[in-house]
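Undergrad: As input, take model37.cif (mmCIF, N, CA and C atoms):
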data_data
#
loop_
_atom_site.label_atom_id
_atom_site.label_comp_id
_atom_site.auth_asym_id
_atom_site.auth_seq_id
_atom_site.Cartn_x
_atom_site.Cartn_y
_atom_site.Cartn_z
N MET X 153 -7.72 -15.73 27.94
CA MET X 153 -7.98 -14.34 27.65
C MET X 153 -8.00 -14.07 26.16
N GLU X 154 -9.05 -13.43 25.69
CA GLU X 154 -9.15 -13.11 24.28
C GLU X 154 -8.72 -11.68 24.03
N ASN X 155 -8.05 -11.49 22.91
CA ASN X 155 -7.66 -10.16 22.49
C ASN X 155 -8.59 -9.75 21.35
N ASN X 156 -9.55 -8.86 21.65
CA ASN X 156 -10.55 -8.46 20.66
C ASN X 156 -10.14 -7.23 19.86
N GLU X 157 -8.92 -6.78 20.03
CA GLU X 157 -8.45 -5.63 19.27
C GLU X 157 -8.27 -6.00 17.81
N PRO X 158 -8.70 -5.12 16.90
CA PRO X 158 -8.50 -5.43 15.48
C PRO X 158 -7.01 -5.44 15.13
N LYS X 159 -6.63 -6.36 14.28
CA LYS X 159 -5.24 -6.44 13.85
C LYS X 159 -5.13 -5.79 12.48
N ILE X 160 -4.36 -4.74 12.41
CA ILE X 160 -4.18 -4.00 11.16
C ILE X 160 -2.74 -4.17 10.73
N LYS X 161 -2.56 -4.67 9.52
CA LYS X 161 -1.22 -4.85 8.96
C LYS X 161 -0.93 -3.66 8.05
N LEU X 162 0.15 -2.95 8.34
CA LEU X 162 0.55 -1.81 7.53
C LEU X 162 1.86 -2.12 6.82
N TYR X 163 1.96 -1.67 5.57
CA TYR X 163 3.20 -1.80 4.82
C TYR X 163 3.83 -0.42 4.65
N SER X 164 5.12 -0.35 4.85
CA SER X 164 5.87 0.88 4.61
C SER X 164 6.25 0.96 3.14
N THR X 165 6.85 2.06 2.76
CA THR X 165 7.31 2.19 1.37
C THR X 165 8.37 1.14 1.07
N ASP X 166 9.23 0.85 2.03
CA ASP X 166 10.26 -0.19 1.82
C ASP X 166 9.61 -1.56 1.59
N ASP X 167 8.57 -1.85 2.36
CA ASP X 167 7.86 -3.12 2.19
C ASP X 167 7.24 -3.21 0.80
N VAL X 168 6.62 -2.13 0.35
CA VAL X 168 5.97 -2.13 -0.96
C VAL X 168 7.01 -2.27 -2.08
N CYS X 169 8.15 -1.63 -1.92
CA CYS X 169 9.24 -1.79 -2.90
C CYS X 169 9.61 -3.26 -3.05
N LYS X 170 9.74 -3.94 -1.94
CA LYS X 170 10.12 -5.36 -1.97
C LYS X 170 9.01 -6.23 -2.52
N LEU X 171 7.77 -5.97 -2.10
CA LEU X 171 6.64 -6.77 -2.55
C LEU X 171 6.38 -6.65 -4.05
N LEU X 172 6.50 -5.42 -4.56
CA LEU X 172 6.18 -5.18 -5.97
C LEU X 172 7.40 -5.18 -6.88
N HIS X 173 8.58 -5.34 -6.28
CA HIS X 173 9.83 -5.34 -7.04
C HIS X 173 9.98 -4.06 -7.87
N ILE X 174 9.79 -2.93 -7.18
CA ILE X 174 9.96 -1.64 -7.84
C ILE X 174 10.97 -0.81 -7.05
N GLY X 175 11.50 0.21 -7.69
CA GLY X 175 12.47 1.08 -7.06
C GLY X 175 11.80 2.10 -6.13
N ARG X 176 12.62 2.74 -5.34
CA ARG X 176 12.12 3.70 -4.36
C ARG X 176 11.39 4.87 -5.02
N GLU X 177 11.95 5.39 -6.10
CA GLU X 177 11.34 6.55 -6.77
C GLU X 177 9.94 6.21 -7.31
N LYS X 178 9.82 5.05 -7.94
CA LYS X 178 8.52 4.62 -8.47
C LYS X 178 7.54 4.37 -7.33
N CYS X 179 8.03 3.82 -6.25
CA CYS X 179 7.20 3.55 -5.08
C CYS X 179 6.66 4.86 -4.49
N LEU X 180 7.52 5.84 -4.33
CA LEU X 180 7.09 7.12 -3.77
C LEU X 180 6.08 7.81 -4.69
N LYS X 181 6.28 7.67 -5.99
CA LYS X 181 5.33 8.23 -6.95
C LYS X 181 3.96 7.57 -6.77
N LEU X 182 3.96 6.26 -6.56
CA LEU X 182 2.73 5.53 -6.32
C LEU X 182 2.04 6.00 -5.04
N PHE X 183 2.80 6.15 -3.97
CA PHE X 183 2.25 6.57 -2.68
C PHE X 183 1.69 8.00 -2.74
N HIS X 184 2.23 8.83 -3.62
CA HIS X 184 1.75 10.20 -3.74
C HIS X 184 0.57 10.34 -4.71
N SER X 185 0.28 9.29 -5.47
CA SER X 185 -0.82 9.38 -6.42
C SER X 185 -2.16 9.36 -5.68
N GLU X 186 -3.14 10.05 -6.26
CA GLU X 186 -4.45 10.16 -5.61
C GLU X 186 -5.20 8.84 -5.55
N GLU X 187 -4.97 7.96 -6.51
CA GLU X 187 -5.71 6.71 -6.56
C GLU X 187 -5.17 5.65 -5.61
N PHE X 188 -3.96 5.85 -5.09
CA PHE X 188 -3.36 4.87 -4.20
C PHE X 188 -3.80 5.14 -2.76
N PRO X 189 -4.24 4.10 -2.03
CA PRO X 189 -4.80 4.29 -0.68
C PRO X 189 -3.75 4.42 0.43
N SER X 190 -2.86 5.37 0.30
CA SER X 190 -1.80 5.52 1.30
C SER X 190 -2.26 6.39 2.47
N ILE X 191 -1.57 6.22 3.57
CA ILE X 191 -1.83 6.98 4.79
C ILE X 191 -0.51 7.62 5.19
N LYS X 192 -0.53 8.91 5.51
CA LYS X 192 0.68 9.56 5.98
C LYS X 192 0.58 9.73 7.49
N ILE X 193 1.56 9.17 8.18
CA ILE X 193 1.64 9.29 9.63
C ILE X 193 2.98 9.92 9.95
N GLY X 194 2.94 11.15 10.43
CA GLY X 194 4.17 11.88 10.65
C GLY X 194 4.83 12.16 9.32
N ARG X 195 6.05 11.71 9.16
CA ARG X 195 6.78 11.90 7.90
C ARG X 195 6.81 10.66 7.02
N LYS X 196 6.14 9.60 7.47
CA LYS X 196 6.19 8.33 6.74
C LYS X 196 4.85 8.00 6.11
N PHE X 197 4.93 7.29 4.99
CA PHE X 197 3.74 6.82 4.30
C PHE X 197 3.55 5.33 4.59
N TRP X 198 2.29 4.95 4.72
CA TRP X 198 1.93 3.56 4.97
C TRP X 198 0.73 3.20 4.12
N VAL X 199 0.51 1.91 3.92
CA VAL X 199 -0.69 1.43 3.26
C VAL X 199 -1.15 0.18 3.99
N LYS X 200 -2.46 0.08 4.22
CA LYS X 200 -2.99 -1.11 4.87
C LYS X 200 -2.90 -2.28 3.90
N ALA X 201 -2.57 -3.44 4.42
CA ALA X 201 -2.38 -4.63 3.59
C ALA X 201 -3.63 -4.94 2.77
N ASP X 202 -4.80 -4.89 3.39
CA ASP X 202 -6.03 -5.21 2.65
C ASP X 202 -6.32 -4.15 1.59
N SER X 203 -5.98 -2.88 1.84
CA SER X 203 -6.17 -1.82 0.85
C SER X 203 -5.22 -2.02 -0.34
N LEU X 204 -4.00 -2.44 -0.05
CA LEU X 204 -3.04 -2.70 -1.12
C LEU X 204 -3.51 -3.87 -1.99
N ASN X 205 -3.98 -4.93 -1.36
CA ASN X 205 -4.48 -6.09 -2.10
C ASN X 205 -5.67 -5.71 -2.98
N GLU X 206 -6.57 -4.91 -2.44
CA GLU X 206 -7.73 -4.47 -3.22
C GLU X 206 -7.30 -3.59 -4.39
N PHE X 207 -6.38 -2.67 -4.13
CA PHE X 207 -5.86 -1.79 -5.18
C PHE X 207 -5.23 -2.61 -6.29
N LEU X 208 -4.40 -3.56 -5.93
CA LEU X 208 -3.71 -4.37 -6.94
C LEU X 208 -4.68 -5.25 -7.72
N SER X 209 -5.65 -5.83 -7.05
CA SER X 209 -6.60 -6.69 -7.77
C SER X 209 -7.47 -5.86 -8.71
N HIS X 210 -7.79 -4.64 -8.31
CA HIS X 210 -8.56 -3.74 -9.17
C HIS X 210 -7.72 -3.32 -10.37
N LYS X 211 -6.45 -3.05 -10.16
CA LYS X 211 -5.55 -2.67 -11.26
C LYS X 211 -5.39 -3.80 -12.25
N VAL X 212 -5.29 -5.01 -11.77
CA VAL X 212 -5.12 -6.17 -12.65
C VAL X 212 -6.37 -6.34 -13.52
N VAL X 213 -7.55 -6.17 -12.92
CA VAL X 213 -8.81 -6.29 -13.66
C VAL X 213 -8.87 -5.20 -14.73
N LEU X 214 -8.51 -3.97 -14.38
CA LEU X 214 -8.54 -2.88 -15.34
C LEU X 214 -7.57 -3.12 -16.50
N GLU X 215 -6.38 -3.59 -16.19
CA GLU X 215 -5.37 -3.78 -17.22
C GLU X 215 -5.69 -4.97 -18.12
N THR X 216 -6.36 -5.99 -17.60
CA THR X 216 -6.72 -7.11 -18.46
C THR X 216 -7.91 -6.79 -19.34
N ASN X 217 -8.74 -5.82 -18.93
CA ASN X 217 -9.88 -5.42 -19.73
C ASN X 217 -9.51 -4.45 -20.85
N ASN X 218 -8.35 -3.85 -20.79
CA ASN X 218 -7.94 -2.88 -21.82
C ASN X 218 -7.25 -3.53 -22.97
#
Could you take the file, read its structure, and then write that structure out as structure tokens?

TA:
Amino acid sequence: MENNEPKIKLYSTDDVCKLLHIGREKCLKLFHSEEFPSIKIGRKFWVKADSLNEFLSHKVVLETNN
């Protein structure tokens, strides 16, 4: 039996804090910024793993060009 459902990996704010080694306040500021691809579900914020990777790779390119 094949499972054809798409697999979506979501990161919570706690996950992003650990991945980026940043504090909770800085993380929440990031999630509230317009340029960050966050999703609000109920009272919690999430970000798709592929969106986070794209955001970070784009930020690295921008910062190395400046």

Undergrad: Run through the PyMOL selection byres ((chain X and resi 199) around 5) on the given coordinates and return the selected residues as a list in words.

TA: Leu162, Tyr163, Ser190, Ile191, Phe197, Trp198, Lys200 and Ala201 of chain X

Undergrad: Give the answer as one residue: which of X:His173, X:Lys161, X:His184, X:Lys178 has the shortest atom-to-atom distance to X:Ser203, using only C-alpha atoms?

TA: X:Lys161

Undergrad: For the atom pair atom CA of X:Cys179 and atom C of X:Lys196, what is the interatomic distance in Å to one decimal place?

TA: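 Atom C of X:Lys196 lies 12.3 Å from atom CA of X:Cys179.
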
Undergrad: According to DSSP computed on the backbone, where in chain X is there alpha helix (DSSP H)? Give the residues as a ChimeraX atom specification.

TA: /X:165-172,176-184,201-217

Undergrad: Can you tell me how far atom CA of X:Arg195 sits from atom N of X:His210, in Å to one decimal?

TA: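 Interatomic distance, atom CA of X:Arg195 to atom N of X:His210: 27.4 Å.
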
Undergrad: For the atom pair atom CA of X:Phe188 and atom N of X:Ser164, what is the interatomic distance in Å to one decimal place?

TA: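 Answer for the atom CA of X:Phe188 to atom N of X:Ser164 separation: 13.5 Å.
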
Undergrad: If you run DSSP on this backbone, which residues of stretch 160-218 of chain X come out as strand (DSSP E or B), and could you give them as a VMD selection string?

TA: chain X and resid 162 to 164 190 to 193 196 to 200

Undergrad: Taking into account only C-alpha atoms, which residue in the set X:Leu182, X:Thr165, X:Gly175, X:Ile160 is nearest to X:Leu208?

TA: X:Leu182

Undergrad: Please complete stretch 173-184 of chain X so it has all heavy atoms, and hand it over as a CSV table (one decimal), in the coordinates of the input.

TA:
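Everything below was put into result_16.csv:
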chain,number,residue,atom,x,y,z
X,173,HIS,N,8.6,-5.3,-6.3
X,173,HIS,CA,9.8,-5.3,-7.0
X,173,HIS,C,10.0,-4.1,-7.9
X,173,HIS,O,10.2,-4.1,-9.1
X,173,HIS,CB,9.9,-6.6,-7.9
X,173,HIS,CG,9.8,-7.9,-7.2
X,173,HIS,ND1,10.9,-8.3,-6.4
X,173,HIS,CD2,8.8,-8.7,-7.1
X,173,HIS,CE1,10.5,-9.5,-5.9
X,173,HIS,NE2,9.2,-9.7,-6.2
X,174,ILE,N,9.8,-2.9,-7.2
X,174,ILE,CA,10.0,-1.6,-7.8
X,174,ILE,C,11.0,-0.8,-7.0
X,174,ILE,O,11.2,-1.1,-5.9
X,174,ILE,CB,8.6,-0.9,-8.0
X,174,ILE,CG1,8.0,-0.6,-6.6
X,174,ILE,CG2,7.7,-1.6,-8.9
X,174,ILE,CD1,6.7,0.2,-6.6
X,175,GLY,N,11.5,0.2,-7.7
X,175,GLY,CA,12.5,1.1,-7.1
X,175,GLY,C,11.8,2.1,-6.1
X,175,GLY,O,10.6,2.3,-6.1
X,176,ARG,N,12.6,2.7,-5.3
X,176,ARG,CA,12.1,3.7,-4.4
X,176,ARG,C,11.4,4.9,-5.0
X,176,ARG,O,10.3,5.3,-4.5
X,176,ARG,CB,13.3,4.2,-3.5
X,176,ARG,CG,12.8,5.1,-2.4
X,176,ARG,CD,13.7,4.9,-1.2
X,176,ARG,NE,13.4,5.8,-0.1
X,176,ARG,CZ,12.4,5.5,0.8
X,176,ARG,NH1,11.7,4.4,0.7
X,176,ARG,NH2,12.1,6.4,1.8
X,177,GLU,N,12.0,5.4,-6.1
X,177,GLU,CA,11.3,6.6,-6.8
X,177,GLU,C,9.9,6.2,-7.3
X,177,GLU,O,9.0,7.0,-7.1
X,177,GLU,CB,12.2,7.0,-7.9
X,177,GLU,CG,11.8,8.3,-8.5
X,177,GLU,CD,12.8,8.9,-9.5
X,177,GLU,OE1,14.0,8.7,-9.3
X,177,GLU,OE2,12.3,9.4,-10.5
X,178,LYS,N,9.8,5.0,-7.9
X,178,LYS,CA,8.5,4.6,-8.5
X,178,LYS,C,7.5,4.4,-7.3
X,178,LYS,O,6.4,4.7,-7.4
X,178,LYS,CB,8.7,3.4,-9.3
X,178,LYS,CG,7.4,3.0,-10.0
X,178,LYS,CD,7.7,1.9,-11.0
X,178,LYS,CE,7.8,2.6,-12.3
X,178,LYS,NZ,7.8,1.7,-13.5
X,179,CYS,N,8.0,3.8,-6.2
X,179,CYS,CA,7.2,3.6,-5.1
X,179,CYS,C,6.7,4.9,-4.5
X,179,CYS,O,5.5,5.0,-4.2
X,179,CYS,CB,8.0,2.8,-4.0
X,179,CYS,SG,7.0,2.3,-2.6
X,180,LEU,N,7.5,5.8,-4.3
X,180,LEU,CA,7.1,7.1,-3.8
X,180,LEU,C,6.1,7.8,-4.7
X,180,LEU,O,5.1,8.4,-4.2
X,180,LEU,CB,8.3,8.0,-3.5
X,180,LEU,CG,9.2,7.6,-2.3
X,180,LEU,CD1,10.4,8.5,-2.2
X,180,LEU,CD2,8.4,7.6,-1.0
X,181,LYS,N,6.3,7.7,-6.0
X,181,LYS,CA,5.3,8.2,-7.0
X,181,LYS,C,4.0,7.6,-6.8
X,181,LYS,O,2.9,8.2,-6.8
X,181,LYS,CB,5.9,8.0,-8.4
X,181,LYS,CG,5.2,8.8,-9.4
X,181,LYS,CD,5.9,8.6,-10.7
X,181,LYS,CE,5.6,9.7,-11.7
X,181,LYS,NZ,6.3,9.5,-13.0
X,182,LEU,N,4.0,6.3,-6.6
X,182,LEU,CA,2.7,5.5,-6.3
X,182,LEU,C,2.0,6.0,-5.0
X,182,LEU,O,0.8,6.3,-5.0
X,182,LEU,CB,3.0,4.0,-6.2
X,182,LEU,CG,1.9,3.1,-6.0
X,182,LEU,CD1,0.9,3.1,-7.2
X,182,LEU,CD2,2.4,1.7,-5.8
X,183,PHE,N,2.8,6.2,-4.0
X,183,PHE,CA,2.2,6.6,-2.7
X,183,PHE,C,1.7,8.0,-2.7
X,183,PHE,O,0.8,8.3,-2.0
X,183,PHE,CB,3.3,6.5,-1.6
X,183,PHE,CG,3.3,5.2,-0.9
X,183,PHE,CD1,3.9,4.0,-1.5
X,183,PHE,CD2,2.8,5.0,0.4
X,183,PHE,CE1,3.9,2.8,-0.8
X,183,PHE,CE2,2.8,3.8,1.0
X,183,PHE,CZ,3.4,2.7,0.4
X,184,HIS,N,2.2,8.8,-3.6
X,184,HIS,CA,1.8,10.2,-3.7
X,184,HIS,C,0.6,10.3,-4.7
X,184,HIS,O,-0.1,11.4,-4.8
X,184,HIS,CB,2.9,11.1,-4.2
X,184,HIS,CG,3.8,11.5,-3.1
X,184,HIS,ND1,4.9,10.7,-2.8
X,184,HIS,CD2,3.8,12.5,-2.2
X,184,HIS,CE1,5.6,11.3,-1.7
X,184,HIS,NE2,4.9,12.3,-1.4
